[in-house]
Amino acid sequence: MTRSEHDTETLIRDSLDRLAARAPDGHAVRDALAHAGRKRRPVTRLALVAAAVVLVVVGVVAGTQLLTRPDLEPAAGRPVLAFGPEWLPDGFTEQYREGGPGLTPQVRRWFAGPASITLQAYPTADPEWSRTALKIASIKDQVLVHGRVAMVTGAGDTAQLTWLADDEHVLVASLAGVPDAREVALRIAGAVAADPVGVRGELRFGPL
């Protein structure tokens, strides 16, 4: 039996209507898909966090190995920290060291409760410190450290002493909370010698 074009269209339309009637509600489908997507997101986030933790652990291991390598030594003639005092007041312990290449200042700090002593070394190649000798020579309050003219400022338990250890280094000793700070600063400066020491790095993390 041959169906007319109109009959064929009618059958197709009726079939589609029946399929549409049996299909679930479109809003419900969209809500279900959105809900499923939200459920999957924490899993993705957990995977990203796990990957980040792995990277951090790998970085910590690599960094620790780098810092603790036995061949991690200052280059010949270029110590990490070139100066140190051979005398300090009783009770002071060193708790901080800082150094670096080029014009980076070298810093060492000692503490005894709230009192502190800081020794800093700056290169005269740094433009900021290249004219230190002229600045020292121009002030009235001068003292001698190892036969070189130095300048001292401060009073009471605070003092700062600046002098040239040699033609390449300016040293600054800063005292805070130390009785008779000026006299103590002079004694410390007189005991400072070329005593190269290294810097030890540590990496510490709490729970990850």
# chains A, B, ... in the order shown; residues from 1 in each chain; ligands from 1

$ select_by_dssp --residues "segment 129-162 of chain A" --states "strand (DSSP E or B)" --output "list of chain:residue names"
A:Gln142, A:Val143, A:Leu144, A:Val145, A:Arg148, A:Val149, A:Ala150, A:Met151, A:Val152, A:Thr153, A:Gly154, A:Ala155, A:Thr158, A:Ala159, A:Gln160, A:Leu161, A:Thr162

$ residues_around --residues "Pro89 of chain A" --least-positions-apart "4" --cutoff "10 Å" --atoms "only C-alpha atoms" --output "list in words"
Thr93, Ala112, Ile117, Val178, Val184, Arg187 and Ile188 of chain A

$ decode --residues "segment 179-197 of chain A" --atoms "C-alpha atoms" --output "PDB file, in the first residue's frame"
ATOM      1  CA  PRO A 179      74.970  48.038  79.020  1.00  0.00           C
ATOM      2  CA  ASP A 180      77.847  50.428  78.230  1.00  0.00           C
ATOM      3  CA  ALA A 181      77.225  49.728  74.554  1.00  0.00           C
ATOM      4  CA  ARG A 182      79.903  52.104  73.204  1.00  0.00           C
ATOM      5  CA  GLU A 183      82.702  50.534  75.229  1.00  0.00           C
ATOM      6  CA  VAL A 184      81.480  47.018  74.431  1.00  0.00           C
ATOM      7  CA  ALA A 185      81.237  47.873  70.714  1.00  0.00           C
ATOM      8  CA  LEU A 186      84.856  49.082  70.753  1.00  0.00           C
ATOM      9  CA  ARG A 187      86.035  45.886  72.423  1.00  0.00           C
ATOM     10  CA  ILE A 188      84.091  43.720  69.970  1.00  0.00           C
ATOM     11  CA  ALA A 189      85.479  45.655  66.993  1.00  0.00           C
ATOM     12  CA  GLY A 190      88.990  45.224  68.330  1.00  0.00           C
ATOM     13  CA  ALA A 191      88.401  41.460  68.493  1.00  0.00           C
ATOM     14  CA  VAL A 192      86.971  41.124  64.978  1.00  0.00           C
ATOM     15  CA  ALA A 193      89.238  39.135  62.676  1.00  0.00           C
ATOM     16  CA  ALA A 194      89.102  37.515  59.250  1.00  0.00           C
ATOM     17  CA  ASP A 195      87.463  34.276  60.318  1.00  0.00           C
ATOM     18  CA  PRO A 196      85.547  32.758  57.375  1.00  0.00           C
ATOM     19  CA  VAL A 197      82.478  30.719  58.243  1.00  0.00           C
TER      20      VAL A 197
END
